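Chemist: Take a look at the following structure, please.
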Amino acid sequence: MNGSVRVGRVLGVPLRMHWSVPVLIVLLAYGLGHETLPAWTPGRTSAVYAAASVVGAVLLMGSLLLHEAAHAVAARRRGVSVEDVTLWALGGMTKMGRPRTAGVAFWVAVIGPLTSLVIGGVAIGAGIGVHTLTGWGVPTAVLIWLGWANLLLGVFNLLPAAPLDGGRVVQAVIWWRTGDRERAERAAGRSGQILGVLLIAAGWVSFLRGNNGGLWLSLIGLFMVIIANAERQRAGVNTALRGVRVADAMTAPVAAGADWLTVGRFIDEVAAHARHSVVPLLDFEGRPSGIVQLRALASVPLEARAERRVREVAIPLARCTVAEPHELLSEVLERARPGGGALPVLVVDHGRLEGIVTMHDVNRLFQLHGLGITTAPPESTRP
């Protein structure tokens, strides 16, 4: 997610934090310390309220992390790749590959809200226990607040709308009933758009009535609409790519250049005649060795282009997406990166470069699908 930075690892999965997380902690701490705790446990000092509110806000963020960690663990145990976990203003997001079956998708989706509900129950139980032993006080109030917040989080996430976990559950059920994953994804995305619009409207009405929290509700709705729309578009792309093999999508032949050329020679002899902004590279034996982007070539100072080799500014083959002509394009994109989308794809057959698949090629397939054309591209673009 844009605007996030890596802060560590959780259960072996990279953990990222969005810039909105500190803002959320401040808002939660402010509401807890200036409104909830003074109302529930009056008579304490401002320092006590401030310390307790910070502890409560941090504990809530920790519970959000456990929610996402549950998704990651469930996915990994069922063979789904997990790229990272990102905490942000709406809770968290686990970036993972697409589950292979509806049953796996259902379990990975539902485990997060169940974790939040369990945490909520445990926190409320602990609060009741502390109250029994010591009487009603600030620790009890913080635990009860934490418990109810997690229960609310669990219930909210079970709403049947993507990108909420409940939307993933509905998606898994529709997929199981119809056998059509893309149809299920579109349905979940549509429900997310509807719920998002309703939240925006409800938040705006609440704000006009004097409740500043309405702005936060509208912001949540806006994020839901944006993400749900993106997911519907992705489902459309997956539908367009259904059954398409790499050889049907690739551009061939494709201009390629020797990786041992200087940047200057490469620009004059290869890049100037290339049709793509990414150019494949070949080693001394004619085998693919990586790709170089035109912007990487442009970044080399003029005075260094006569000496610097193009392979020094290239992306090596180990970091590229490589596929064979007979593979399904959708499976190649999923394999390359959790969530798909690792372009360009170098098409290699028995160690020889056959072609390349770029975003332009995929967009063309998508546009043809919109015209009702589901056959492979014309022979002129195939090997």
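Going by the structure tokens order, chains are called A, B, ..., each with residues numbered from 1, while ligands are numbered from 1 in the order shown.
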List the neighbours of Ala69 in chain A out to 9 Å using only C-alpha atoms; skip same-chain residues closer than 2 positions along the sequence, and give me the result as a PyMOL selection string.

Modeler: chain A and resi 10-11+13+64-67+71-74+85+94+112

Chemist: Write a file of the just-selected residues containing N, CA, C and O atoms, as a PDB file, in the first residue's frame.

Modeler:
ATOM      1  N   VAL A  10       6.117 -10.229  11.517  1.00  0.00           N
ATOM      2  CA  VAL A  10       5.219 -10.882  12.462  1.00  0.00           C
ATOM      3  C   VAL A  10       4.968 -12.296  11.951  1.00  0.00           C
ATOM      4  O   VAL A  10       4.492 -12.496  10.838  1.00  0.00           O
ATOM      5  N   LEU A  11       5.371 -13.279  12.748  1.00  0.00           N
ATOM      6  CA  LEU A  11       5.237 -14.688  12.376  1.00  0.00           C
ATOM      7  C   LEU A  11       5.901 -14.975  11.033  1.00  0.00           C
ATOM      8  O   LEU A  11       5.418 -15.758  10.218  1.00  0.00           O
ATOM      9  N   VAL A  13       6.212 -12.942   8.541  1.00  0.00           N
ATOM     10  CA  VAL A  13       5.634 -12.157   7.450  1.00  0.00           C
ATOM     11  C   VAL A  13       6.025 -10.699   7.634  1.00  0.00           C
ATOM     12  O   VAL A  13       5.907 -10.158   8.738  1.00  0.00           O
ATOM     13  N   LEU A  64      -5.633  -5.555  16.484  1.00  0.00           N
ATOM     14  CA  LEU A  64      -5.777  -5.490  15.034  1.00  0.00           C
ATOM     15  C   LEU A  64      -4.671  -6.305  14.348  1.00  0.00           C
ATOM     16  O   LEU A  64      -4.912  -6.982  13.345  1.00  0.00           O
ATOM     17  N   LEU A  65      -3.477  -6.231  14.919  1.00  0.00           N
ATOM     18  CA  LEU A  65      -2.364  -6.997  14.370  1.00  0.00           C
ATOM     19  C   LEU A  65      -2.632  -8.499  14.500  1.00  0.00           C
ATOM     20  O   LEU A  65      -2.356  -9.275  13.572  1.00  0.00           O
ATOM     21  N   LEU A  66      -3.193  -8.927  15.641  1.00  0.00           N
ATOM     22  CA  LEU A  66      -3.534 -10.343  15.819  1.00  0.00           C
ATOM     23  C   LEU A  66      -4.603 -10.774  14.820  1.00  0.00           C
ATOM     24  O   LEU A  66      -4.576 -11.902  14.311  1.00  0.00           O
ATOM     25  N   HIS A  67      -5.538  -9.886  14.551  1.00  0.00           N
ATOM     26  CA  HIS A  67      -6.580 -10.157  13.551  1.00  0.00           C
ATOM     27  C   HIS A  67      -5.949 -10.471  12.197  1.00  0.00           C
ATOM     28  O   HIS A  67      -6.291 -11.479  11.550  1.00  0.00           O
ATOM     29  N   HIS A  71      -5.234 -14.157   9.725  1.00  0.00           N
ATOM     30  CA  HIS A  71      -5.409 -14.345   8.276  1.00  0.00           C
ATOM     31  C   HIS A  71      -4.146 -14.939   7.659  1.00  0.00           C
ATOM     32  O   HIS A  71      -4.218 -15.888   6.852  1.00  0.00           O
ATOM     33  N   ALA A  72      -2.990 -14.369   8.010  1.00  0.00           N
ATOM     34  CA  ALA A  72      -1.728 -14.799   7.416  1.00  0.00           C
ATOM     35  C   ALA A  72      -1.408 -16.247   7.759  1.00  0.00           C
ATOM     36  O   ALA A  72      -0.999 -17.032   6.895  1.00  0.00           O
ATOM     37  N   VAL A  73      -1.595 -16.620   9.027  1.00  0.00           N
ATOM     38  CA  VAL A  73      -1.300 -17.992   9.449  1.00  0.00           C
ATOM     39  C   VAL A  73      -2.232 -18.986   8.767  1.00  0.00           C
ATOM     40  O   VAL A  73      -1.801 -20.035   8.264  1.00  0.00           O
ATOM     41  N   ALA A  74      -3.533 -18.654   8.728  1.00  0.00           N
ATOM     42  CA  ALA A  74      -4.497 -19.554   8.080  1.00  0.00           C
ATOM     43  C   ALA A  74      -4.182 -19.718   6.602  1.00  0.00           C
ATOM     44  O   ALA A  74      -4.290 -20.825   6.046  1.00  0.00           O
ATOM     45  N   VAL A  85       1.800  -7.911   5.722  1.00  0.00           N
ATOM     46  CA  VAL A  85       0.657  -7.437   6.507  1.00  0.00           C
ATOM     47  C   VAL A  85       0.848  -5.939   6.713  1.00  0.00           C
ATOM     48  O   VAL A  85       1.927  -5.495   7.121  1.00  0.00           O
ATOM     49  N   THR A  94      -3.994  -7.896   4.727  1.00  0.00           N
ATOM     50  CA  THR A  94      -3.028  -8.950   4.483  1.00  0.00           C
ATOM     51  C   THR A  94      -2.966  -9.211   2.988  1.00  0.00           C
ATOM     52  O   THR A  94      -3.962  -9.601   2.377  1.00  0.00           O
ATOM     53  N   GLY A 112     -10.253 -14.087  10.729  1.00  0.00           N
ATOM     54  CA  GLY A 112      -9.934 -12.769  11.283  1.00  0.00           C
ATOM     55  C   GLY A 112     -11.019 -12.247  12.214  1.00  0.00           C
ATOM     56  O   GLY A 112     -10.743 -11.917  13.385  1.00  0.00           O
TER      57      GLY A 112
END

Chemist: Give me the residues within 8 Å of range 135-148 of chain A as a PDB file with N, CA and C atoms, in the first residue's frame, counting only C-alpha atoms and dropping any in the same chain fewer than 6 places off.

Modeler:
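Okay, this is what ended up in around-v7.pdb:
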ATOM      1  N   LEU A  37     -13.110   7.423  29.471  1.00  0.00           N
ATOM      2  CA  LEU A  37     -12.632   7.171  30.833  1.00  0.00           C
ATOM      3  C   LEU A  37     -13.145   8.197  31.837  1.00  0.00           C
ATOM      4  N   TRP A  40     -16.669   7.118  32.599  1.00  0.00           N
ATOM      5  CA  TRP A  40     -16.815   5.831  33.279  1.00  0.00           C
ATOM      6  C   TRP A  40     -16.170   5.825  34.664  1.00  0.00           C
ATOM      7  N   THR A  41     -15.039   6.509  34.784  1.00  0.00           N
ATOM      8  CA  THR A  41     -14.317   6.526  36.064  1.00  0.00           C
ATOM      9  C   THR A  41     -13.942   7.963  36.413  1.00  0.00           C
ATOM     10  N   ALA A  52      -3.579   5.798  30.623  1.00  0.00           N
ATOM     11  CA  ALA A  52      -4.502   4.690  30.349  1.00  0.00           C
ATOM     12  C   ALA A  52      -4.990   4.725  28.907  1.00  0.00           C
ATOM     13  N   SER A  53      -5.211   5.921  28.376  1.00  0.00           N
ATOM     14  CA  SER A  53      -5.705   6.017  27.004  1.00  0.00           C
ATOM     15  C   SER A  53      -4.659   5.560  26.001  1.00  0.00           C
ATOM     16  N   GLY A  56      -4.568   1.786  26.200  1.00  0.00           N
ATOM     17  CA  GLY A  56      -5.739   1.223  25.536  1.00  0.00           C
ATOM     18  C   GLY A  56      -5.628   1.283  24.023  1.00  0.00           C
ATOM     19  N   LEU A  59      -3.075  -1.299  22.860  1.00  0.00           N
ATOM     20  CA  LEU A  59      -3.640  -2.644  22.963  1.00  0.00           C
ATOM     21  C   LEU A  59      -4.622  -2.913  21.816  1.00  0.00           C
ATOM     22  N   LEU A  60      -5.400  -1.911  21.441  1.00  0.00           N
ATOM     23  CA  LEU A  60      -6.335  -2.089  20.336  1.00  0.00           C
ATOM     24  C   LEU A  60      -5.587  -2.317  19.026  1.00  0.00           C
ATOM     25  N   ILE A 119     -10.879 -12.214  21.117  1.00  0.00           N
ATOM     26  CA  ILE A 119     -10.137 -11.205  21.881  1.00  0.00           C
ATOM     27  C   ILE A 119     -11.110 -10.335  22.668  1.00  0.00           C
ATOM     28  N   GLY A 120     -12.206  -9.947  22.022  1.00  0.00           N
ATOM     29  CA  GLY A 120     -13.205  -9.130  22.709  1.00  0.00           C
ATOM     30  C   GLY A 120     -13.789  -9.832  23.911  1.00  0.00           C
ATOM     31  N   GLY A 121     -14.134 -11.107  23.749  1.00  0.00           N
ATOM     32  CA  GLY A 121     -14.678 -11.860  24.868  1.00  0.00           C
ATOM     33  C   GLY A 121     -13.679 -12.013  26.002  1.00  0.00           C
ATOM     34  N   VAL A 122     -12.421 -12.283  25.651  1.00  0.00           N
ATOM     35  CA  VAL A 122     -11.379 -12.431  26.679  1.00  0.00           C
ATOM     36  C   VAL A 122     -11.157 -11.118  27.422  1.00  0.00           C
ATOM     37  N   ALA A 123     -11.120 -10.000  26.684  1.00  0.00           N
ATOM     38  CA  ALA A 123     -10.889  -8.704  27.329  1.00  0.00           C
ATOM     39  C   ALA A 123     -12.036  -8.343  28.267  1.00  0.00           C
ATOM     40  N   ILE A 124     -13.270  -8.568  27.841  1.00  0.00           N
ATOM     41  CA  ILE A 124     -14.411  -8.276  28.724  1.00  0.00           C
ATOM     42  C   ILE A 124     -14.391  -9.189  29.939  1.00  0.00           C
ATOM     43  N   ALA A 126     -11.729 -10.511  31.292  1.00  0.00           N
ATOM     44  CA  ALA A 126     -10.652 -10.029  32.160  1.00  0.00           C
ATOM     45  C   ALA A 126     -11.085  -8.784  32.908  1.00  0.00           C
ATOM     46  N   GLY A 127     -11.830  -7.899  32.232  1.00  0.00           N
ATOM     47  CA  GLY A 127     -12.323  -6.702  32.901  1.00  0.00           C
ATOM     48  C   GLY A 127     -13.261  -7.031  34.038  1.00  0.00           C
ATOM     49  N   ILE A 128     -14.129  -8.005  33.816  1.00  0.00           N
ATOM     50  CA  ILE A 128     -15.049  -8.424  34.883  1.00  0.00           C
ATOM     51  C   ILE A 128     -14.265  -9.026  36.039  1.00  0.00           C
TER      52      ILE A 128
END

Chemist: Which residues are near range 294-300 of chain A? Cut-off 12 Å, only C-alpha atoms, ignore same chain within fewer than 2 positions. Put them as a count of residues only.

Modeler: 34

Chemist: Using Å and a single decimal, report how far CA of Val82 in chain A sits from CA of Val7 in chain A.

Modeler: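 Going from CA of Val7 in chain A over to CA of Val82 in chain A, I get 16.7 Å.
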
Chemist: Using only C-alpha atoms, what table do you get, as a Markdown table, when you list each residue of range 6-80 of chain A with an atom no more than 12 Å from range 215-221 of chain A, its nearest pair of atoms, and their distance in Å rounded to one decimal, rows by chain then rising number?

Modeler:
| residue | atom | partner | partner_atom | distance |
| --- | --- | --- | --- | --- |
| A:Val23 | CA | A:Trp216 | CA | 11.9 |
| A:Leu24 | CA | A:Trp216 | CA | 10.4 |
| A:Leu27 | CA | A:Trp216 | CA | 10.4 |
| A:Leu28 | CA | A:Trp216 | CA | 11.8 |

Chemist: DSSP on the backbone: what in range 22-173 of chain A comes out strand (DSSP E), as an NGL selection string?

Modeler: :A and (82-88 or 91-96)

Chemist: Of the candidates A:Asn211, A:Thr251, A:Gln171, A:Ser4, which one gets nearest to Gly103 in chain A if we count only C-alpha atoms?

Modeler: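 For Gly103 in chain A, the nearest of the given residues is A:Gln171.
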
Chemist: Write out as a list of chain:residue names the residues lying within 9 Å of Cys320 in chain A, counting only C-alpha atoms and excluding same-chain residues fewer than 2 positions away.

Modeler: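 My reading of the contact set: A:Gly290, A:Ile291, A:Ile315, A:Pro316, A:Leu317, A:Ala318, A:Val322, A:Ala336, A:Ala342, A:Leu343, A:Pro344, A:Val345, A:Leu346.
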
Chemist: Got time to write the residues from that selection, C-alpha atoms, as a JSON list (two decimals), in the first residue's frame?

Modeler:
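Generated output (selection.json):
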[["chain", "number", "residue", "atom", "x", "y", "z"],
["A", 290, "GLY", "CA", 17.01, -9.77, -17.52],
["A", 291, "ILE", "CA", 15.24, -6.59, -18.60],
["A", 315, "ILE", "CA", 16.79, -5.97, -13.54],
["A", 316, "PRO", "CA", 18.36, -9.47, -13.43],
["A", 317, "LEU", "CA", 16.44, -12.50, -14.63],
["A", 318, "ALA", "CA", 16.06, -13.81, -11.07],
["A", 322, "VAL", "CA", 9.40, -15.77, -16.60],
["A", 336, "ALA", "CA", 4.80, -14.20, -9.79],
["A", 342, "ALA", "CA", 3.81, -8.86, -12.05],
["A", 343, "LEU", "CA", 4.44, -7.47, -15.52],
["A", 344, "PRO", "CA", 6.21, -7.63, -17.91],
["A", 345, "VAL", "CA", 6.47, -11.39, -18.45],
["A", 346, "LEU", "CA", 9.41, -12.79, -20.39]]

Chemist: Would you mind listing what lies within 10 Å of Trp176 in chain A as number ranges by chain, with only C-alpha atoms counted and same-chain residues fewer than 6 positions away left out?

Modeler: A: 101-103, 105-106, 170, 184

Chemist: Using only C-alpha atoms, determine which residues lie at most 9 Å from Ala228 in chain A, disregarding the query and same-chain residues fewer than 3 positions distant; provide the list as a PyMOL selection string.

Modeler: chain A and resi 161-163+186+188-193+196+223-225+231-233

Chemist: Please save N, CA, C and O atoms of the selected residues as an mmCIF file, in the first residue's frame.

Modeler:
data_model
loop_
_atom_site.group_PDB
_atom_site.id
_atom_site.type_symbol
_atom_site.label_atom_id
_atom_site.label_comp_id
_atom_site.auth_asym_id
_atom_site.auth_seq_id
_atom_site.Cartn_x
_atom_site.Cartn_y
_atom_site.Cartn_z
ATOM 1 N N ALA A 161 -19.727 -7.356 2.591
ATOM 2 C CA ALA A 161 -19.304 -6.414 1.554
ATOM 3 C C ALA A 161 -17.785 -6.375 1.503
ATOM 4 O O ALA A 161 -17.125 -6.222 2.529
ATOM 5 N N ALA A 162 -17.228 -6.535 0.312
ATOM 6 C CA ALA A 162 -15.785 -6.393 0.137
ATOM 7 C C ALA A 162 -15.412 -4.916 0.269
ATOM 8 O O ALA A 162 -16.208 -4.046 -0.083
ATOM 9 N N PRO A 163 -14.231 -4.599 0.832
ATOM 10 C CA PRO A 163 -13.143 -5.507 1.169
ATOM 11 C C PRO A 163 -13.199 -6.066 2.587
ATOM 12 O O PRO A 163 -12.200 -6.569 3.084
ATOM 13 N N ARG A 186 -17.039 -10.234 -8.365
ATOM 14 C CA ARG A 186 -17.805 -9.069 -8.804
ATOM 15 C C ARG A 186 -18.972 -8.784 -7.868
ATOM 16 O O ARG A 186 -19.268 -7.624 -7.556
ATOM 17 N N ALA A 188 -19.194 -9.548 -4.626
ATOM 18 C CA ALA A 188 -18.675 -9.011 -3.375
ATOM 19 C C ALA A 188 -18.230 -7.561 -3.552
ATOM 20 O O ALA A 188 -18.446 -6.719 -2.672
ATOM 21 N N GLY A 189 -17.610 -7.254 -4.696
ATOM 22 C CA GLY A 189 -17.199 -5.879 -4.956
ATOM 23 C C GLY A 189 -18.388 -4.944 -5.082
ATOM 24 O O GLY A 189 -18.362 -3.812 -4.581
ATOM 25 N N ARG A 190 -19.451 -5.406 -5.724
ATOM 26 C CA ARG A 190 -20.652 -4.574 -5.869
ATOM 27 C C ARG A 190 -21.271 -4.283 -4.500
ATOM 28 O O ARG A 190 -21.679 -3.145 -4.227
ATOM 29 N N SER A 191 -21.313 -5.282 -3.635
ATOM 30 C CA SER A 191 -21.865 -5.061 -2.294
ATOM 31 C C SER A 191 -21.002 -4.085 -1.505
ATOM 32 O O SER A 191 -21.507 -3.277 -0.725
ATOM 33 N N GLY A 192 -19.679 -4.142 -1.729
ATOM 34 C CA GLY A 192 -18.791 -3.198 -1.061
ATOM 35 C C GLY A 192 -19.024 -1.773 -1.518
ATOM 36 O O GLY A 192 -18.991 -0.835 -0.718
ATOM 37 N N GLN A 193 -19.272 -1.596 -2.814
ATOM 38 C CA GLN A 193 -19.567 -0.259 -3.324
ATOM 39 C C GLN A 193 -20.856 0.291 -2.718
ATOM 40 O O GLN A 193 -20.926 1.456 -2.319
ATOM 41 N N GLY A 196 -20.307 1.094 0.965
ATOM 42 C CA GLY A 196 -19.458 2.275 1.076
ATOM 43 C C GLY A 196 -20.241 3.555 0.853
ATOM 44 O O GLY A 196 -20.084 4.536 1.592
ATOM 45 N N PHE A 223 -13.041 4.857 1.421
ATOM 46 C CA PHE A 223 -12.031 3.828 1.204
ATOM 47 C C PHE A 223 -12.674 2.539 0.692
ATOM 48 O O PHE A 223 -12.143 1.873 -0.205
ATOM 49 N N MET A 224 -13.828 2.186 1.248
ATOM 50 C CA MET A 224 -14.503 0.960 0.822
ATOM 51 C C MET A 224 -14.914 1.040 -0.636
ATOM 52 O O MET A 224 -14.767 0.078 -1.397
ATOM 53 N N VAL A 225 -15.446 2.187 -1.056
ATOM 54 C CA VAL A 225 -15.865 2.348 -2.446
ATOM 55 C C VAL A 225 -14.676 2.210 -3.384
ATOM 56 O O VAL A 225 -14.741 1.520 -4.415
ATOM 57 N N GLU A 231 -11.439 -3.967 -6.895
ATOM 58 C CA GLU A 231 -11.593 -5.416 -6.890
ATOM 59 C C GLU A 231 -12.547 -5.873 -7.993
ATOM 60 O O GLU A 231 -12.350 -6.927 -8.596
ATOM 61 N N ARG A 232 -13.578 -5.093 -8.261
ATOM 62 C CA ARG A 232 -14.472 -5.435 -9.372
ATOM 63 C C ARG A 232 -13.723 -5.358 -10.704
ATOM 64 O O ARG A 232 -13.915 -6.199 -11.581
ATOM 65 N N GLN A 233 -12.862 -4.362 -10.840
ATOM 66 C CA GLN A 233 -12.074 -4.248 -12.063
ATOM 67 C C GLN A 233 -11.113 -5.420 -12.201
ATOM 68 O O GLN A 233 -10.932 -5.962 -13.301
#

Chemist: Using only C-alpha atoms, determine which residues lie at most 9 Å from range 351-360 of chain A, disregarding the query and same-chain residues fewer than 6 positions distant; provide the list as a ChimeraX atom specification.

Modeler: /A:246-247,249-256,276,278,280,282,286-288,324-325,341,343-345,382-383

Chemist: Would you give me, as a PyMOL selection string, the residues in range 64-283 of chain A that DSSP reads as alpha helix (DSSP H)?

Modeler: chain A and resi 64-77+102-134+138-157+165-178+181-208+213-240+246-249+263-269

Chemist: What is the distance between CA of His369 in chain A and CA of Ala240 in chain A, in Å to one decimal?

Modeler: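 For CA of His369 in chain A relative to CA of Ala240 in chain A, the distance reads 5.6 Å.
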
Chemist: Could you tell me how far CA of Arg364 in chain A sits from CA of Glu327 in chain A, in Å to one decimal place?

Modeler: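 So the answer is 18.8 Å.
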
Chemist: Counting only C-alpha atoms, figure out which residue out of A:Thr45, A:Leu222, A:Val362, A:Asn238 gets nearest to Trp204 in chain A.

Modeler: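 Closest residue, counting only C-alpha atoms: A:Leu222.
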
Chemist: For a quick check of understanding, using only C-alpha atoms, which of A:Gly79, A:Gly129, A:Gly43, A:Trp88 has the smallest distance to Ser20 in chain A?

Modeler: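 Between A:Gly79, A:Gly129, A:Gly43, A:Trp88, the residue approaching Ser20 in chain A most closely is A:Trp88.
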
Chemist: A:Val130, A:Ser63, A:Gly210, A:Lys95: which is nearest Leu151 in chain A, counting only C-alpha atoms?

Modeler: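 Using only C-alpha atoms, Leu151 in chain A sits closest to A:Ser63.
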
Chemist: Kindly indicate which residue among A:Arg335, A:His350, A:Arg209, A:Arg245 lies nearest to Gly97 in chain A, using only C-alpha atoms for the distances.

Modeler: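 Smallest separation from Gly97 in chain A among the options: A:Arg335.
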